[in-house]
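Chemist: Sharing a structure with you now.
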Amino acid sequence: MDTSEFEKNSLSNIILRSAYVPSENGVDKTFFLGIDEAGRGPVLGPMVYSAFFCDEKQLSILNDLGCADSKQLTEERRSSIFAEYEKHNNHLGFILKVLSPHMISTSMLRRDKYNLNDISHDAALELIQLALDQGVNVKQVFVDTVGDPDNICAKVVRDQIVQNWKIDEFDEEKQSIKYGSGYPGDPQTKRFLIESIDQIFGFPKFVRFSWSTASAIIENKCIKVTWDDDEDENATSKNATKKRKSEVIETTTTTTTTKTLFNYFSQKPSTKNDAVNRRVPGSYFFRAAHVEPVVFST
């Protein structure tokens, strides 16, 4: 499965499809369609939803291929079955929605919270509608209960995306850091989270920063920032002192210093060569966001 478009821009969701060939000669096939998911629990990487459909008269193909719950199959076997699907593309097919970890976290943390159950519900409905729009004559739909074991299509594609993920926010030294299974309870995953945090920018896009494991690390390791609305909801009187917008609180063992975020980005006198050679904190995060460096002449 070609996932290169998502790899280019992992901030957005993407729809992927198999090479399904519609009915020929006016034959009206009816299909069973199943919805499954992969990657609901991990703190790392995307969540993938899939709609898999099969001609109801050709269900024996699934048995012949050896389809089963993905947790009962090795990764190699899952990939092998997945590769065989194209040989039967006139009888079966699938549509996938890859949910970006960044989108998942920002949705869960926005004011009108869009929780994971609602995200999953809407993804399932969207995939069913996409299959109908593609001309698939759906007779019956099977929806896996939220949180049950993952099935093959979603699991294989998620594994592929995670394995191919290049963490652009890391320098060469950090690229070798192992992240384990991606589940919050995995000690190796916990170490990865601690080693990957940046005091200003937080986590790379690979991390679901809304997960409690990640948010606790942000709280403990990152520089504190206060963001005030135009109307301070916490003000108790008209004369209450308002904090400056976007204040950074730097705390040591003996002192607490308040700065604005502008201090971090303030222009420092330098020559062109200095700007090119100097390792600017957070520069890998700038590059990952496709922000071009600017050099000011002195």
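Naming works like this for the structure tokens: A, B, ... for the chains as they're shown, residue 1 at the start of each chain, ligands 1 onward in shown order.
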Write down as an mmCIF file with N, CA and C atoms, in the first residue's frame the residues of stretch 23-237 of chain A whose backbone DSSP state falls under strand (DSSP E).
Modeler:
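Writing done, so here's states_34.cif:
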```
data_model
loop_
_atom_site.group_PDB
_atom_site.id
_atom_site.type_symbol
_atom_site.label_atom_id
_atom_site.label_comp_id
_atom_site.auth_asym_id
_atom_site.auth_seq_id
_atom_site.Cartn_x
_atom_site.Cartn_y
_atom_site.Cartn_z
ATOM 1 N N PHE A 31 -22.614 -7.099 -1.404
ATOM 2 C CA PHE A 31 -21.399 -7.226 -0.592
ATOM 3 C C PHE A 31 -21.697 -7.172 0.896
ATOM 4 N N PHE A 32 -20.903 -7.926 1.641
ATOM 5 C CA PHE A 32 -20.812 -7.760 3.082
ATOM 6 C C PHE A 32 -19.654 -6.807 3.342
ATOM 7 N N LEU A 33 -19.842 -5.894 4.283
ATOM 8 C CA LEU A 33 -18.808 -4.897 4.593
ATOM 9 C C LEU A 33 -18.514 -4.911 6.096
ATOM 10 N N GLY A 34 -17.241 -4.933 6.422
ATOM 11 C CA GLY A 34 -16.840 -4.925 7.826
ATOM 12 C C GLY A 34 -15.975 -3.723 8.148
ATOM 13 N N ILE A 35 -16.176 -3.159 9.335
ATOM 14 C CA ILE A 35 -15.400 -2.011 9.805
ATOM 15 C C ILE A 35 -14.448 -2.479 10.909
ATOM 16 N N ASP A 36 -13.171 -2.124 10.801
ATOM 17 C CA ASP A 36 -12.238 -2.457 11.863
ATOM 18 C C ASP A 36 -11.263 -1.308 12.089
ATOM 19 N N GLU A 37 -10.517 -1.364 13.168
ATOM 20 C CA GLU A 37 -9.585 -0.297 13.510
ATOM 21 C C GLU A 37 -8.267 -0.875 14.010
ATOM 22 N N ALA A 38 -7.232 -0.063 13.957
ATOM 23 C CA ALA A 38 -5.929 -0.438 14.519
ATOM 24 C C ALA A 38 -5.292 0.803 15.115
ATOM 25 N N MET A 47 -4.014 6.355 14.084
ATOM 26 C CA MET A 47 -5.038 5.326 14.206
ATOM 27 C C MET A 47 -5.589 5.107 12.801
ATOM 28 N N VAL A 48 -5.815 3.852 12.438
ATOM 29 C CA VAL A 48 -6.284 3.534 11.087
ATOM 30 C C VAL A 48 -7.622 2.819 11.171
ATOM 31 N N TYR A 49 -8.595 3.331 10.417
ATOM 32 C CA TYR A 49 -9.908 2.695 10.296
ATOM 33 C C TYR A 49 -10.030 2.131 8.886
ATOM 34 N N SER A 50 -10.641 0.957 8.756
ATOM 35 C CA SER A 50 -10.805 0.375 7.423
ATOM 36 C C SER A 50 -12.208 -0.170 7.230
ATOM 37 N N ALA A 51 -12.669 -0.087 5.985
ATOM 38 C CA ALA A 51 -13.911 -0.731 5.563
ATOM 39 C C ALA A 51 -13.529 -1.784 4.535
ATOM 40 N N PHE A 52 -13.722 -3.037 4.872
ATOM 41 C CA PHE A 52 -13.385 -4.139 3.970
ATOM 42 C C PHE A 52 -14.674 -4.749 3.455
ATOM 43 N N PHE A 53 -14.774 -4.911 2.133
ATOM 44 C CA PHE A 53 -16.012 -5.462 1.572
ATOM 45 C C PHE A 53 -15.705 -6.655 0.676
ATOM 46 N N CYS A 54 -16.618 -7.624 0.700
ATOM 47 C CA CYS A 54 -16.432 -8.856 -0.070
ATOM 48 C C CYS A 54 -17.770 -9.307 -0.660
ATOM 49 N N ASP A 55 -17.723 -9.774 -1.904
ATOM 50 C CA ASP A 55 -18.897 -10.332 -2.575
ATOM 51 C C ASP A 55 -19.454 -11.453 -1.700
ATOM 52 N N LEU A 92 -13.426 -8.377 -3.933
ATOM 53 C CA LEU A 92 -13.260 -7.743 -2.626
ATOM 54 C C LEU A 92 -12.393 -6.488 -2.741
ATOM 55 N N GLY A 93 -12.474 -5.651 -1.724
ATOM 56 C CA GLY A 93 -11.696 -4.415 -1.711
ATOM 57 C C GLY A 93 -11.783 -3.761 -0.345
ATOM 58 N N PHE A 94 -11.110 -2.652 -0.191
ATOM 59 C CA PHE A 94 -11.148 -1.950 1.093
ATOM 60 C C PHE A 94 -10.870 -0.465 0.903
ATOM 61 N N ILE A 95 -11.320 0.316 1.868
ATOM 62 C CA ILE A 95 -11.050 1.754 1.941
ATOM 63 C C ILE A 95 -10.539 2.030 3.350
ATOM 64 N N LEU A 96 -9.470 2.792 3.452
ATOM 65 C CA LEU A 96 -8.846 3.082 4.742
ATOM 66 C C LEU A 96 -8.851 4.567 5.027
ATOM 67 N N LYS A 97 -9.008 4.920 6.295
ATOM 68 C CA LYS A 97 -8.810 6.298 6.722
ATOM 69 C C LYS A 97 -7.708 6.305 7.772
ATOM 70 N N VAL A 98 -6.615 7.017 7.462
ATOM 71 C CA VAL A 98 -5.503 7.150 8.393
ATOM 72 C C VAL A 98 -5.710 8.440 9.181
ATOM 73 N N LEU A 99 -5.855 8.295 10.498
ATOM 74 C CA LEU A 99 -6.101 9.446 11.370
ATOM 75 C C LEU A 99 -4.778 9.909 11.976
ATOM 76 N N VAL A 138 -23.825 -2.565 -0.878
ATOM 77 C CA VAL A 138 -23.668 -3.130 0.462
ATOM 78 C C VAL A 138 -24.984 -3.722 0.941
ATOM 79 N N LYS A 139 -24.949 -5.008 1.276
ATOM 80 C CA LYS A 139 -26.145 -5.702 1.770
ATOM 81 C C LYS A 139 -26.168 -5.722 3.300
ATOM 82 N N GLN A 140 -25.003 -5.892 3.911
ATOM 83 C CA GLN A 140 -24.937 -5.993 5.363
ATOM 84 C C GLN A 140 -23.621 -5.420 5.866
ATOM 85 N N VAL A 141 -23.663 -4.764 7.033
ATOM 86 C CA VAL A 141 -22.473 -4.131 7.604
ATOM 87 C C VAL A 141 -22.183 -4.753 8.970
ATOM 88 N N PHE A 142 -20.918 -5.077 9.206
ATOM 89 C CA PHE A 142 -20.468 -5.592 10.493
ATOM 90 C C PHE A 142 -19.486 -4.589 11.077
ATOM 91 N N VAL A 143 -19.808 -4.068 12.262
ATOM 92 C CA VAL A 143 -18.951 -3.067 12.905
ATOM 93 C C VAL A 143 -18.359 -3.679 14.168
ATOM 94 N N LYS A 224 6.659 26.434 31.370
ATOM 95 C CA LYS A 224 5.257 26.787 31.582
ATOM 96 C C LYS A 224 4.890 28.030 30.769
ATOM 97 N N VAL A 225 3.749 27.974 30.124
ATOM 98 C CA VAL A 225 3.244 29.103 29.324
ATOM 99 C C VAL A 225 1.802 29.366 29.725
ATOM 100 N N THR A 226 1.453 30.634 29.934
ATOM 101 C CA THR A 226 0.059 30.983 30.208
ATOM 102 C C THR A 226 -0.502 31.713 29.002
#
```
Chemist: Need the shell around A:Lys8: protein/DNA/RNA residues with any atom at most 12 Å away, counting only C-alpha atoms. Skip same-chain ones fewer than 6 positions apart. Format as a list in words?
Modeler: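 Once the adjacent positions are removed, what remains is Asp2, Ile14, Ile161, Asn164, Trp165, Lys166, Ile167, Asp168, Ala288, Ala289 and His290 of chain A.
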Chemist: Neighbouring residues of stretch 191-200 of chain A were defined as those with any atom within 9 Å, considering only C-alpha atoms; residues of the same chain fewer than 6 positions away were excluded. Please report them as an NGL selection string.
Modeler: :A and (169-170 or 174 or 177-180 or 207 or 213-214 or 217-218 or 221-224 or 281-282)
Chemist: Can you work out the spacing between atom CA of A:Pro42 and atom CA of A:Asp112 in Å, to one decimal?
Modeler: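 Atom CA of A:Pro42 sits 23.4 Å away from atom CA of A:Asp112.
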Chemist: Quick one: of A:Ser105, A:Gln134, A:Gln58, A:Gln129, who's nearest to A:Lys205, counting only C-alpha atoms?
Modeler: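 Using only C-alpha atoms, A:Lys205 sits closest to A:Ser105.
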Chemist: So which one's closest to A:Ser120, A:Ala216, A:Ile61, A:Arg40, A:Pro46? Using only C-alpha atoms, please.
Modeler: A:Arg40
Chemist: Could you work out how far atom CA of A:Glu126 lies from atom CA of A:Leu44, giving the answer in Å with one decimal?
Modeler: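 Calculated distance between atom CA of A:Leu44 and atom CA of A:Glu126 is 23.8 Å.
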Chemist: Could you check the closest approach to A:Cys153 for each of A:Val43, A:Val136, A:Cys67, A:Val21 and tell me which residue wins, using only C-alpha atoms?
Modeler: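 Closest residue, counting only C-alpha atoms: A:Cys67.
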Chemist: Which of these residues is nearest to A:Val157, using only C-alpha atoms: A:Ser12, A:Ser215, A:Asn89, A:Ser79?
Modeler: A:Ser79
Chemist: Kindly give the distance, in Å, that separates atom CA of A:Gln160 and atom CA of A:Pro204, rounded to a single decimal.
Modeler: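 Atom CA of A:Pro204 lies at a distance of 18.7 Å from atom CA of A:Gln160.
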Chemist: Check stretch 13-61 of chain A with DSSP on the backbone and list each residue it calls helix (DSSP H, G or I), as a list in words.
Modeler: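 Going through stretch 13-61 of chain A, the helix (DSSP H, G or I) residues come out as Glu56, Lys57, Gln58, Ser60 and Ile61 of chain A.
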Chemist: Could you save the residues just selected, with C-alpha atoms, as a JSON list (two decimals), in the first residue's frame?
Modeler:
```
[["chain", "number", "residue", "atom", "x", "y", "z"],
["A", 56, "GLU", "CA", -21.31, -12.36, -0.43],
["A", 57, "LYS", "CA", -21.03, -15.26, -2.90],
["A", 58, "GLN", "CA", -17.24, -15.28, -2.66],
["A", 60, "SER", "CA", -14.79, -18.57, 0.79],
["A", 61, "ILE", "CA", -11.90, -16.47, -0.57]]
```
Chemist: Given the choices A:Leu62, A:Lys29, A:Thr3, A:Ser212, which gets closest to A:Lys190 if the distance is worked out from only C-alpha atoms?
Modeler: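 Nearest candidate to A:Lys190 out of A:Leu62, A:Lys29, A:Thr3, A:Ser212: A:Ser212.
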